[in-house]
file entry_15.txt (compact mmCIF, C-alpha atoms)
# COMPACT_ATOMS: atom_id res chain seq x y z
CA MET A 1 -21.43 2.72 9.38
CA LYS A 2 -19.60 6.04 9.38
CA LYS A 3 -18.03 5.29 12.77
CA LEU A 4 -17.05 1.82 11.59
CA SER A 5 -15.46 3.31 8.46
CA GLU A 6 -13.47 5.71 10.64
CA ALA A 7 -12.40 2.92 12.99
CA ILE A 8 -11.24 0.75 10.09
CA PHE A 9 -9.21 3.66 8.70
CA ASP A 10 -7.71 4.39 12.11
CA ARG A 11 -6.61 0.78 12.46
CA THR A 12 -5.52 0.00 8.89
CA GLN A 13 -4.94 3.41 7.23
CA ILE A 14 -7.21 2.21 4.41
CA ARG A 15 -10.60 3.85 4.03
CA LEU A 16 -13.64 1.74 3.18
CA SER A 17 -16.55 3.92 2.18
CA VAL A 18 -19.89 3.79 3.98
CA THR A 19 -21.41 2.55 0.71
CA THR A 20 -18.96 -0.37 0.56
CA LEU A 21 -19.73 -1.34 4.15
CA LYS A 22 -23.47 -1.17 3.51
CA ARG A 23 -23.02 -3.52 0.54
CA ILE A 24 -21.12 -5.99 2.70
CA TRP A 25 -23.82 -5.89 5.35
CA GLY A 26 -26.52 -6.38 2.70
CA ARG A 27 -28.11 -2.97 3.16
CA LEU A 28 -27.51 -2.12 -0.48
CA LYS A 29 -28.05 -4.47 -3.39
CA TYR A 30 -24.81 -5.41 -5.14
CA ASP A 31 -24.20 -8.15 -7.69
CA SER A 32 -20.51 -8.76 -7.11
CA ALA A 33 -18.27 -10.22 -4.44
CA PRO A 34 -16.22 -7.83 -2.30
CA THR A 35 -12.91 -6.82 -3.87
CA LEU A 36 -9.64 -8.29 -2.62
CA THR A 37 -8.67 -4.86 -1.27
CA THR A 38 -11.86 -4.76 0.80
CA LEU A 39 -11.34 -8.30 2.08
CA ASN A 40 -7.71 -7.61 3.00
CA THR A 41 -8.73 -4.45 4.86
CA LEU A 42 -11.46 -6.19 6.85
CA ALA A 43 -9.09 -9.04 7.68
CA GLN A 44 -6.46 -6.57 8.91
CA PHE A 45 -9.10 -4.83 11.00
CA ALA A 46 -9.88 -8.20 12.57
CA GLY A 47 -6.22 -8.72 13.42
CA TYR A 48 -4.99 -10.78 10.46
CA VAL A 49 -2.21 -9.87 8.03
CA ASP A 50 -4.54 -10.17 5.03
CA TRP A 51 -7.48 -12.14 3.63
CA LEU A 52 -5.24 -15.05 2.66
CA GLN A 53 -4.10 -15.48 6.26
CA PHE A 54 -7.71 -15.37 7.42
CA LYS A 55 -8.65 -18.03 4.86
CA GLN A 56 -5.74 -20.20 5.94
CA LYS A 57 -6.84 -19.85 9.55
CA GLU A 58 -10.42 -20.70 8.67
CA ASP A 59 -9.31 -23.66 6.54
CA GLN A 60 -7.64 -25.39 9.50
CA PRO A 61 -9.24 -28.70 10.53
CA GLY A 62 -12.38 -28.18 12.55
CA GLU A 63 -12.97 -24.70 11.13
CA PRO A 64 -15.47 -23.65 8.42
CA VAL A 65 -14.01 -23.79 4.91
CA VAL A 66 -14.12 -20.64 2.79
CA THR A 67 -15.17 -21.43 -0.77
CA MET A 68 -16.73 -19.71 -3.78
CA VAL A 69 -20.21 -20.85 -4.74
CA PRO A 70 -22.80 -19.51 -7.19
CA GLU A 71 -26.16 -18.30 -5.93
CA PRO A 72 -28.81 -20.84 -6.98
CA SER A 73 -31.81 -19.89 -9.11
CA GLY A 74 -32.18 -18.59 -12.63
CA LYS A 75 -31.22 -15.04 -11.64
CA LYS A 76 -27.95 -13.46 -12.63
CA THR A 77 -25.12 -15.58 -11.20
CA ARG A 78 -23.66 -14.01 -8.15
CA PHE A 79 -20.65 -15.18 -6.15
CA TRP A 80 -20.29 -14.80 -2.42
CA LEU A 81 -17.79 -16.16 0.02
CA VAL A 82 -19.17 -18.93 2.17
CA GLY A 83 -18.01 -18.11 5.64
CA PHE A 84 -17.70 -14.42 4.84
CA ALA A 85 -20.67 -13.66 7.06
CA GLY A 86 -18.76 -15.29 9.89
CA SER A 87 -15.77 -13.07 9.22
CA VAL A 88 -18.01 -10.02 9.20
CA LEU A 89 -19.48 -11.03 12.55
CA LEU A 90 -15.97 -11.46 13.86
CA ILE A 91 -15.03 -8.00 12.66
CA VAL A 92 -18.17 -6.47 14.13
CA GLY A 93 -17.36 -8.18 17.41
CA VAL A 94 -13.87 -6.77 17.36
CA TYR A 95 -15.31 -3.35 16.56
CA LEU A 96 -17.83 -3.49 19.41
CA LEU A 97 -15.12 -4.57 21.82
CA PHE A 98 -13.00 -1.73 20.49
CA LEU A 99 -15.78 0.80 21.12
CA SER A 100 -16.56 -0.66 24.53
CA ALA A 101 -12.92 -0.50 25.54
CA ARG A 102 -12.64 3.07 24.34
CA GLN A 103 -15.68 4.08 26.40
CA LYS A 104 -14.15 2.58 29.54
CA GLN A 105 -10.63 3.85 28.95
CA PRO A 106 -9.54 7.31 30.06
CA HIS A 107 -9.19 10.09 27.54
CA TYR A 108 -5.60 11.27 27.55
CA ASP A 109 -4.35 14.76 26.89
CA GLU A 110 -2.28 14.22 23.76
CA GLY A 111 -0.14 17.24 24.51
CA GLN A 112 1.32 15.51 27.54
CA PHE A 113 2.89 12.67 25.54
CA ASP A 114 6.18 12.90 23.67
CA PHE A 115 6.90 10.94 20.48
CA SER A 116 9.61 11.34 17.85
CA ALA A 117 11.88 9.23 15.63
CA ASN A 118 15.42 9.49 14.35
CA LYS A 119 16.89 7.61 11.40
CA VAL A 120 20.35 6.16 11.92
CA ILE A 121 21.36 7.02 8.33
CA THR A 122 20.02 9.89 6.24
CA GLU A 123 19.16 7.89 3.12
CA GLY A 124 18.83 4.30 1.93
CA VAL A 125 17.80 0.95 3.31
CA PRO A 126 18.11 -1.00 5.44
CA ASN A 127 17.73 1.82 7.94
CA SER A 128 17.33 1.63 11.69
CA VAL A 129 15.01 4.06 13.44
CA ILE A 130 15.12 5.00 17.10
CA PHE A 131 11.71 5.96 18.45
CA HIS A 132 11.69 8.27 21.48
CA TYR A 133 8.56 8.37 23.60
CA ALA A 134 7.50 9.50 27.07
CA VAL A 135 4.37 8.90 29.12
CA PRO A 136 3.24 11.74 31.41
CA ARG A 137 4.25 11.37 35.04
CA GLY A 138 1.56 9.72 37.12
CA ILE A 139 -0.08 7.99 34.14
CA LYS A 140 0.27 4.23 33.69
CA PRO A 141 -1.53 3.02 30.53
CA ASP A 142 -2.57 -0.64 30.51
CA SER A 143 -1.12 -0.85 26.99
CA LEU A 144 1.26 1.28 24.99
CA PHE A 145 1.98 0.53 21.33
CA ILE A 146 4.10 2.00 18.58
CA VAL A 147 2.69 1.46 15.08
CA GLN A 148 5.67 1.66 12.74
CA THR A 149 3.83 1.84 9.38
CA TRP A 150 0.28 1.75 8.00
CA ASP A 151 0.46 -2.00 8.61
CA ILE A 152 -1.21 -2.77 11.94
CA THR A 153 0.77 -6.02 12.14
CA ARG A 154 3.85 -3.93 12.85
CA LYS A 155 2.30 -2.69 16.07
CA GLN A 156 4.86 -3.17 18.84
CA LEU A 157 4.04 -3.27 22.54
CA VAL A 158 6.47 -1.05 24.45
CA PRO A 159 6.94 -0.57 28.22
CA GLY A 160 5.48 2.64 29.59
CA ASP A 161 8.41 3.20 31.94
CA LYS A 162 10.96 3.17 29.11
CA HIS A 163 11.68 5.84 26.51
CA GLU A 164 13.25 4.24 23.43
CA HIS A 165 12.29 1.59 20.91
CA SER A 166 14.32 0.59 17.84
CA ALA A 167 13.19 -0.92 14.54
CA ILE A 168 14.71 -1.75 11.15
CA TYR A 169 13.04 -0.65 7.91
CA TYR A 170 13.93 -2.73 4.86
CA TYR A 171 11.78 -0.90 2.29
CA PRO A 172 11.57 2.81 1.47
CA GLY A 173 8.32 4.61 2.21
CA PHE A 174 6.54 7.50 3.87
CA PHE A 175 5.00 6.24 7.10
CA LYS A 176 2.71 7.94 9.59
CA THR A 177 3.88 6.26 12.78
CA LYS A 178 1.71 6.34 15.89
CA LEU A 179 1.94 6.12 19.65
CA ILE A 180 -1.20 4.45 21.02
CA ALA A 181 -2.08 4.46 24.73
CA ASP A 182 -4.99 2.23 25.79
CA GLY A 183 -6.39 2.30 22.26
CA GLN A 184 -6.11 6.08 21.88
CA VAL A 185 -3.75 7.56 19.30
CA VAL A 186 -1.94 10.13 21.42
CA LYS A 187 0.81 11.11 18.98
CA THR A 188 1.71 10.69 15.30
CA HIS A 189 5.05 11.25 13.60
CA ASP A 190 5.86 11.35 9.89
CA LEU A 191 8.75 9.05 9.06
CA TRP A 192 10.27 9.08 5.59
CA ILE A 193 12.66 6.32 4.57
CA THR A 194 14.14 7.46 1.24
CA SER A 195 15.78 5.20 -1.34
CA GLY A 196 19.10 6.98 -1.87
CA GLY A 197 18.55 7.25 -5.62
CA TRP A 198 17.50 4.26 -7.71
CA LEU A 199 17.09 1.11 -5.61
CA CYS A 200 16.39 -2.40 -6.93
CA LEU A 201 15.55 -5.31 -4.66
CA LEU A 202 14.07 -8.78 -4.80
CA GLU A 203 11.34 -9.50 -2.28
CA ASP A 204 12.27 -11.99 0.41
CA GLU A 205 11.53 -12.64 4.07
CA PRO A 206 12.59 -11.45 6.52
CA VAL A 207 15.08 -9.34 4.56
CA PRO A 208 14.90 -8.53 0.82
CA VAL A 209 17.85 -9.02 -1.51
CA TYR A 210 19.43 -5.69 -2.44
CA LEU A 211 20.98 -5.64 -5.90
CA LYS A 212 24.16 -3.71 -6.65
CA LYS A 213 23.65 -0.27 -8.17
CA GLU A 214 26.75 -0.51 -10.33
CA GLN A 215 25.18 -3.55 -12.02
CA TYR A 216 21.65 -2.27 -12.70
CA LEU A 217 22.24 1.46 -13.36
CA GLN A 218 23.97 2.16 -16.67
CA ASN A 219 23.75 5.30 -18.84
CA GLY A 220 20.55 6.49 -17.19
CA ILE A 221 18.77 3.14 -17.65
CA VAL A 222 17.78 0.96 -14.70
CA GLU A 223 17.94 -2.63 -15.93
CA VAL A 224 17.79 -5.81 -13.89
CA THR A 225 18.54 -8.96 -15.84
CA GLU A 226 17.51 -12.49 -15.01
CA ALA A 227 21.21 -13.31 -14.49
CA MET A 228 21.21 -10.84 -11.60
CA LEU A 229 18.07 -12.35 -10.05
CA ALA A 230 18.64 -16.06 -10.60
CA PRO A 231 21.20 -16.63 -7.80
CA HIS A 232 18.78 -15.14 -5.25
CA ARG A 233 15.40 -16.35 -6.45
CA LYS A 234 13.71 -18.91 -4.19
CA SER A 235 10.21 -18.76 -5.67
CA PRO A 236 8.48 -17.46 -8.84
CA ALA A 237 6.28 -15.42 -6.50
CA GLN A 238 9.17 -13.16 -5.50
CA ARG A 239 8.75 -9.80 -7.17
CA LEU A 240 11.35 -7.35 -8.34
CA ARG A 241 10.79 -3.88 -6.89
CA ILE A 242 12.39 -0.70 -8.19
CA PHE A 243 12.23 2.47 -6.06
CA TYR A 244 13.11 6.12 -6.40
CA GLN A 245 12.19 8.35 -3.47
CA ARG A 246 13.62 11.73 -2.60
CA GLU A 247 12.66 15.24 -1.55
CA MET A 248 10.62 16.91 -4.29
CA GLY A 249 9.81 20.24 -2.70
CA ASP A 250 6.23 21.35 -3.21
CA LEU A 251 5.29 18.72 -5.84
CA MET A 252 1.64 17.82 -5.13
CA ASN A 253 -0.60 15.05 -6.45
CA ASP A 254 -3.44 17.34 -7.55
CA ASN A 255 -1.44 19.05 -10.34
CA PHE A 256 1.44 17.19 -11.98
CA THR A 257 2.62 15.18 -14.97
CA PHE A 258 4.48 11.90 -14.64
CA GLU A 259 6.33 10.18 -17.48
CA THR A 260 8.23 6.93 -17.63
CA MET A 261 9.18 4.07 -19.93
CA LEU A 262 9.35 0.48 -18.76
CA LYS A 263 9.86 -3.05 -20.01
CA ASN A 264 9.36 -6.55 -18.61
CA ASP A 265 10.62 -9.12 -21.11
CA PHE A 266 11.15 -11.99 -18.65
CA ASP A 267 9.09 -15.06 -19.58
CA ASP A 268 9.79 -18.50 -18.18
CA GLY A 269 6.21 -19.66 -18.75
CA SER A 270 4.96 -18.34 -15.42
CA ASN A 271 5.01 -14.70 -16.55
CA ALA A 272 2.82 -14.94 -19.63
CA CYS A 273 0.70 -11.96 -18.54
CA HIS A 274 3.73 -9.74 -17.85
CA LYS A 275 1.81 -8.02 -15.08
CA ALA A 276 3.45 -4.91 -13.69
CA GLN A 277 2.48 -2.12 -11.31
CA VAL A 278 3.62 1.49 -11.27
CA LEU A 279 3.07 3.20 -7.93
CA ILE A 280 3.29 6.95 -7.44
CA GLN A 281 3.88 7.23 -3.71
CA CYS A 282 2.47 10.21 -1.81
CA LYS A 283 2.83 11.37 1.78
CA ASN A 284 -0.67 10.31 2.78
CA ASP A 285 -1.94 8.46 -0.26
CA ILE A 286 -1.02 6.17 -3.14
CA ILE A 287 -1.54 5.82 -6.89
CA MET A 288 -1.37 2.24 -8.26
CA ILE A 289 -1.42 1.77 -12.05
CA PRO A 290 -1.56 -1.75 -13.55
CA LEU A 291 -0.10 -2.90 -16.83
CA ALA A 292 -0.35 -6.34 -18.46
CA ALA A 293 -0.29 -8.19 -21.75
CA LYS A 294 -3.45 -7.51 -23.74
CA PRO A 295 -4.97 -11.00 -23.22
CA CYS A 296 -4.75 -10.48 -19.43
CA VAL A 297 -6.59 -7.18 -18.97
CA GLY A 298 -9.58 -9.02 -17.51
CA ASP A 299 -7.94 -9.13 -14.08
CA LEU A 300 -6.59 -5.66 -13.28
CA SER A 301 -7.13 -3.16 -10.47
CA LEU A 302 -6.49 0.59 -10.60
CA TYR A 303 -6.33 2.90 -7.58
CA PHE A 304 -5.85 6.66 -7.64
CA CYS A 305 -6.05 8.62 -4.37
CA GLY A 306 -9.45 7.31 -3.31
CA ALA A 307 -10.79 6.50 -6.79
CA ALA A 308 -10.72 2.86 -7.85
CA ALA A 309 -11.62 0.69 -10.82
CA GLU A 310 -11.49 -3.06 -11.44
CA SER A 311 -11.79 -5.08 -14.61
CA LYS A 312 -14.92 -6.82 -13.36
CA THR A 313 -16.85 -3.53 -13.44
CA ALA A 314 -14.79 -1.24 -15.69
CA ASP A 315 -13.05 -1.29 -19.07
CA LEU A 316 -9.34 -1.37 -18.28
CA SER A 317 -8.31 -2.70 -21.68
CA GLY A 318 -6.29 0.47 -22.24
CA PHE A 319 -3.71 -0.88 -19.80
CA GLY A 320 -3.00 -3.84 -22.06
CA CYS A 321 0.33 -3.59 -23.88
CA ASP A 322 3.37 -5.51 -25.06
CA LEU A 323 5.74 -5.15 -22.13
CA THR A 324 8.42 -7.17 -23.90
CA GLN A 325 9.00 -3.88 -25.74
CA TRP A 326 9.57 -0.42 -24.27
CA THR A 327 6.19 0.89 -23.09
CA SER A 328 5.47 4.53 -22.28
CA LEU A 329 3.25 5.57 -19.39
CA ARG A 330 2.09 9.15 -18.80
CA VAL A 331 -0.12 10.52 -16.03
CA GLU A 332 -1.57 14.01 -16.27
CA VAL A 333 -3.42 15.57 -13.33
CA VAL A 334 -5.07 19.00 -13.39
CA ASN A 335 -7.00 20.06 -10.29
CA LYS A 336 -7.45 16.41 -9.23
CA ALA A 337 -8.72 15.38 -12.69
CA ALA A 338 -6.44 12.52 -13.71
CA THR A 339 -5.86 11.05 -17.17
CA ILE A 340 -3.58 8.08 -17.77
CA TYR A 341 -1.99 7.35 -21.16
CA VAL A 342 -0.31 4.10 -22.25
CA ASN A 343 1.81 4.37 -25.39
CA ASN A 344 0.27 7.82 -25.96
CA LYS A 345 -3.28 6.43 -25.97
CA LYS A 346 -5.78 7.39 -23.29
CA ALA A 347 -6.32 4.41 -21.00
CA TYR A 348 -8.50 5.86 -18.24
CA SER A 349 -9.54 9.09 -16.53
CA PHE A 350 -11.42 10.17 -13.42
CA LEU A 351 -11.62 12.83 -10.71
CA PHE A 352 -10.09 11.59 -7.48
CA PRO A 353 -11.77 12.44 -4.13
CA ASN A 354 -8.98 12.48 -1.53
CA LYS A 355 -7.29 15.60 -0.22
CA PRO A 356 -4.17 16.73 -2.09
CA THR A 357 -0.85 15.67 -0.60
CA GLY A 358 2.83 15.75 -1.52
CA ILE A 359 4.50 13.28 -3.87
CA VAL A 360 7.58 11.49 -2.54
CA GLY A 361 8.56 9.17 -5.38
CA VAL A 362 7.80 6.18 -7.54
CA GLN A 363 7.90 2.40 -7.23
CA TYR A 364 7.68 -0.36 -9.85
CA ARG A 365 6.75 -3.99 -9.26
CA PHE A 366 7.57 -6.72 -11.77
CA ASN A 367 7.69 -10.48 -12.04
CA GLY A 368 11.22 -11.13 -13.20
CA ALA A 369 13.76 -9.12 -15.16
CA ALA A 370 12.75 -5.58 -16.12
CA ALA A 371 14.01 -2.15 -17.08
CA VAL A 372 13.00 1.49 -16.52
CA LYS A 373 14.15 4.72 -18.16
CA GLU A 374 13.23 8.37 -18.85
CA THR A 375 11.34 8.82 -15.60
CA ARG A 376 10.37 12.31 -14.46
CA PHE A 377 7.74 14.45 -12.76
CA LYS A 378 6.67 17.87 -14.02
CA ALA A 379 4.73 20.63 -12.29
CA GLY A 380 4.49 24.18 -13.59
CA ASN A 381 7.92 25.11 -14.89
CA LYS A 382 9.73 22.55 -12.73
CA VAL A 383 11.04 19.20 -13.93
CA TYR A 384 12.04 16.52 -11.40
CA GLU A 385 14.30 14.05 -13.19
CA MET A 386 14.82 10.61 -11.65
CA GLU A 387 18.56 10.23 -12.22

call {"tool": "encode", "arguments": {"input": "entry_15.txt", "output": "structure tokens"}}
result
Amino acid sequence: MKKLSEAIFDRTQIRLSVTTLKRIWGRLKYDSAPTLTTLNTLAQFAGYVDWLQFKQKEDQPGEPVVTMVPEPSGKKTRFWLVGFAGSVLLIVGVYLLFLSARQKQPHYDEGQFDFSANKVITEGVPNSVIFHYAVPRGIKPDSLFIVQTWDITRKQLVPGDKHEHSAIYYYPGFFKTKLIADGQVVKTHDLWITSGGWLCLLEDEPVPVYLKKEQYLQNGIVEVTEAMLAPHRKSPAQRLRIFYQREMGDLMNDNFTFETMLKNDFDDGSNACHKAQVLIQCKNDIIMIPLAAKPCVGDLSLYFCGAAAESKTADLSGFGCDLTQWTSLRVEVVNKAATIYVNNKKAYSFLFPNKPTGIVGVQYRFNGAAAVKETRFKAGNKVYEME
């Protein structure tokens, strides 16, 4: 299971613990269904974008249908995914093929490969990146891929006899890009796409809608109104994202304070829960904090650098609030011990397990019009204002 956990992380950049994998395989008793994060990760490992795409594939005519059914008997009701065992077998098969291929493939000297990346512009998005790579003379890999982000679906096959590959990044982020030869990661390169100050965009495919800074940034307040979004909105599912990413020196995620105020007063009937996410983005990790209207706290997920909690097994009622009014969020971390406050009341705390890493910025996700203000990081005597 440890090797499988490592292989899943290598492929998806998301770590599933050995305990989680044992629960999925039935080696440990567990009374709940796998979390959506776990299902998405396993689906990505099997070559799908996420669990939804896997379900859609499985739901095609002639394929087994994935449904939710209760376990019969008078015991405590327990839900499992019919067809999930099939997906697990598929993933195991992929894993075994992966191991078999690795055993047959040559082991390359990583020092012989070259891999780097150059941004076309220093800051902001969209931003084109030119990847430079070189295969050692006399070596002809059967496959050579560049993985542009943590997302394995952005793996691009490149010719071994060429030396450049270009890509466009539409969202800011800190990405550990990889050069993979015959299944072996031979080089990695840190790529940081910054936001160029406050950035507001509406999700869309293939290119998001970038809103104009002179409209949403006024007197230190970032505010996106429904009038700004309405001309571009195609579906209620499109989320508003607000970014701020820049160089923050030696700011680390094991000792810091984060403060912000936010509001999401949009309500057309489809946004009754006013769900929002605040993400503190790190170089090799992520913090994801949920907020929602008080009646909707029964369906929340919290992630903090390897520590996780979900409403089904934890009390996340502290993240319930009235987001139609200004809501304060504060995160305090001392030696990896994290405490989160909502409107100055303690909402949750835990000690996170992952290794410390640098903080690169913040991201907010809303359904509909929203506003953000008074955002800053603190560490020691330093204050990092998001202006």

call {"tool": "atom_distance", "arguments": {"input": "entry_15.txt", "atom1": "atom CA of A:Val224", "atom2": "atom CA of A:Gly197"}}
result
15.5 Å

call {"tool": "atom_distance", "arguments": {"input": "entry_15.txt", "atom1": "atom CA of A:Val334", "atom2": "atom CA of A:Ser195"}}
result
27.8 Å

call {"tool": "residues_near_point", "arguments": {"input": "entry_15.txt", "point": "(0.0, 9.7, 35.5)", "cutoff": "12 Å", "atoms": "only C-alpha atoms", "output": "PDB file with C-alpha atoms, in the coordinates of the input"}}
result
ATOM      1  CA  PRO A 106      -9.540   7.310  30.060  1.00  0.00           C
ATOM      2  CA  TYR A 108      -5.600  11.270  27.550  1.00  0.00           C
ATOM      3  CA  ASP A 109      -4.350  14.760  26.890  1.00  0.00           C
ATOM      4  CA  GLN A 112       1.320  15.510  27.540  1.00  0.00           C
ATOM      5  CA  PHE A 113       2.890  12.670  25.540  1.00  0.00           C
ATOM      6  CA  ALA A 134       7.500   9.500  27.070  1.00  0.00           C
ATOM      7  CA  VAL A 135       4.370   8.900  29.120  1.00  0.00           C
ATOM      8  CA  PRO A 136       3.240  11.740  31.410  1.00  0.00           C
ATOM      9  CA  ARG A 137       4.250  11.370  35.040  1.00  0.00           C
ATOM     10  CA  GLY A 138       1.560   9.720  37.120  1.00  0.00           C
ATOM     11  CA  ILE A 139      -0.080   7.990  34.140  1.00  0.00           C
ATOM     12  CA  LYS A 140       0.270   4.230  33.690  1.00  0.00           C
ATOM     13  CA  PRO A 141      -1.530   3.020  30.530  1.00  0.00           C
ATOM     14  CA  ASP A 142      -2.570  -0.640  30.510  1.00  0.00           C
ATOM     15  CA  GLY A 160       5.480   2.640  29.590  1.00  0.00           C
ATOM     16  CA  ASP A 161       8.410   3.200  31.940  1.00  0.00           C
TER      17      ASP A 161
END

call {"tool": "atom_distance", "arguments": {"input": "entry_15.txt", "atom1": "atom CA of A:Glu6", "atom2": "atom CA of A:Asp182"}}
result
17.7 Å

call {"tool": "closest_residue", "arguments": {"input": "entry_15.txt", "among": "A:Gly220, A:Pro231, A:Gly111, A:Gly306", "to": "A:Val372", "atoms": "all atoms listed in the file"}}
result
A:Gly220

call {"tool": "residues_around", "arguments": {"input": "entry_15.txt", "residues": "A:Thr35", "least_positions_apart": "5", "cutoff": "12 Å", "atoms": "all atoms listed in the file", "output": "list of chain:residue names"}}
result
A:Leu16, A:Thr20, A:Leu21, A:Arg23, A:Ile24, A:Asn40, A:Thr41, A:Leu42, A:Trp51, A:Phe79, A:Trp80, A:Leu81, A:Asp299, A:Leu300, A:Ser301, A:Leu302, A:Ala308, A:Ala309, A:Glu310, A:Ser311, A:Lys312, A:Thr313

call {"tool": "closest_atom_pairs", "arguments": {"input": "entry_15.txt", "of": "stretch 149-201 of chain A", "to": "stretch 285-293 of chain A", "cutoff": "12 Å", "atoms": "only C-alpha atoms", "output": "CSV"}}
result
residue,atom,partner,partner_atom,distance
A:Trp150,CA,A:Asp285,CA,10.9
A:Gly173,CA,A:Ile286,CA,10.9
A:Phe174,CA,A:Asp285,CA,9.5
A:Phe175,CA,A:Asp285,CA,10.4
A:Lys176,CA,A:Asp285,CA,10.9

call {"tool": "write_last_selection", "arguments": {"input": "entry_15.txt", "atoms": "C-alpha atoms", "output": "compact mmCIF listing (two decimals), in the coordinates of the input"}}
result
# COMPACT_ATOMS: atom_id res chain seq x y z
CA TRP A 150 0.28 1.75 8.00
CA GLY A 173 8.32 4.61 2.21
CA PHE A 174 6.54 7.50 3.87
CA PHE A 175 5.00 6.24 7.10
CA LYS A 176 2.71 7.94 9.59

call {"tool": "closest_residue", "arguments": {"input": "entry_15.txt", "among": "A:Glu374, A:Asp10, A:Asp315, A:Glu164", "to": "A:Lys263", "atoms": "only C-alpha atoms"}}
result
A:Glu374

call {"tool": "residues_around", "arguments": {"input": "entry_15.txt", "residues": "A:Ser143", "least_positions_apart": "4", "cutoff": "12 Å", "atoms": "all atoms listed in the file", "output": "list in words"}}
result
Ala101, Gln105, Val135, Ile139, Lys155, Gln156, Leu157, Val158, Pro159, Gly160, Asp161, Leu179, Ile180, Ala181, Asp182, Gly183, Gln184 and Val185 of chain A

call {"tool": "closest_residue", "arguments": {"input": "entry_15.txt", "among": "A:Ser270, A:Asn344, A:Asn284, A:Ser317", "to": "A:Asn367", "atoms": "all atoms listed in the file"}}
result
A:Ser270

call {"tool": "build_atoms", "arguments": {"input": "entry_15.txt", "residues": "stretch 196-208 of chain A", "atoms": "N, CA, C and O atoms", "output": "mmCIF file, keeping the file's coordinate frame"}}
result
data_model
loop_
_atom_site.group_PDB
_atom_site.id
_atom_site.type_symbol
_atom_site.label_atom_id
_atom_site.label_comp_id
_atom_site.auth_asym_id
_atom_site.auth_seq_id
_atom_site.Cartn_x
_atom_site.Cartn_y
_atom_site.Cartn_z
ATOM 1 N N GLY A 196 17.708 6.706 -1.516
ATOM 2 C CA GLY A 196 19.100 6.980 -1.870
ATOM 3 C C GLY A 196 19.344 6.825 -3.352
ATOM 4 O O GLY A 196 20.315 6.183 -3.767
ATOM 5 N N GLY A 197 18.467 7.416 -4.154
ATOM 6 C CA GLY A 197 18.550 7.250 -5.620
ATOM 7 C C GLY A 197 17.800 6.005 -6.058
ATOM 8 O O GLY A 197 16.904 5.518 -5.383
ATOM 9 N N TRP A 198 18.158 5.474 -7.219
ATOM 10 C CA TRP A 198 17.500 4.260 -7.710
ATOM 11 C C TRP A 198 17.889 3.063 -6.826
ATOM 12 O O TRP A 198 19.059 2.879 -6.491
ATOM 13 N N LEU A 199 16.890 2.286 -6.454
ATOM 14 C CA LEU A 199 17.090 1.110 -5.610
ATOM 15 C C LEU A 199 16.338 -0.063 -6.230
ATOM 16 O O LEU A 199 15.135 0.041 -6.506
ATOM 17 N N CYS A 200 17.014 -1.181 -6.419
ATOM 18 C CA CYS A 200 16.390 -2.400 -6.930
ATOM 19 C C CYS A 200 16.567 -3.517 -5.913
ATOM 20 O O CYS A 200 17.680 -3.727 -5.411
ATOM 21 N N LEU A 201 15.472 -4.211 -5.619
ATOM 22 C CA LEU A 201 15.550 -5.310 -4.660
ATOM 23 C C LEU A 201 14.599 -6.423 -5.059
ATOM 24 O O LEU A 201 13.609 -6.218 -5.767
ATOM 25 N N LEU A 202 14.916 -7.607 -4.592
ATOM 26 C CA LEU A 202 14.070 -8.780 -4.800
ATOM 27 C C LEU A 202 13.396 -9.111 -3.481
ATOM 28 O O LEU A 202 14.062 -9.253 -2.450
ATOM 29 N N GLU A 203 12.078 -9.210 -3.499
ATOM 30 C CA GLU A 203 11.340 -9.500 -2.280
ATOM 31 C C GLU A 203 11.812 -10.802 -1.646
ATOM 32 O O GLU A 203 12.035 -11.795 -2.333
ATOM 33 N N ASP A 204 11.951 -10.786 -0.334
ATOM 34 C CA ASP A 204 12.270 -11.990 0.410
ATOM 35 C C ASP A 204 11.962 -11.717 1.871
ATOM 36 O O ASP A 204 11.836 -10.565 2.299
ATOM 37 N N GLU A 205 11.816 -12.761 2.647
ATOM 38 C CA GLU A 205 11.530 -12.640 4.070
ATOM 39 C C GLU A 205 12.622 -13.321 4.876
ATOM 40 O O GLU A 205 13.073 -14.406 4.507
ATOM 41 N N PRO A 206 13.064 -12.726 5.964
ATOM 42 C CA PRO A 206 12.590 -11.450 6.520
ATOM 43 C C PRO A 206 13.261 -10.236 5.908
ATOM 44 O O PRO A 206 12.837 -9.107 6.148
ATOM 45 N N VAL A 207 14.322 -10.452 5.115
ATOM 46 C CA VAL A 207 15.080 -9.340 4.560
ATOM 47 C C VAL A 207 15.143 -9.482 3.039
ATOM 48 O O VAL A 207 15.486 -10.558 2.536
ATOM 49 N N PRO A 208 14.808 -8.428 2.280
ATOM 50 C CA PRO A 208 14.900 -8.530 0.820
ATOM 51 C C PRO A 208 16.342 -8.602 0.358
ATOM 52 O O PRO A 208 17.276 -8.307 1.106
#
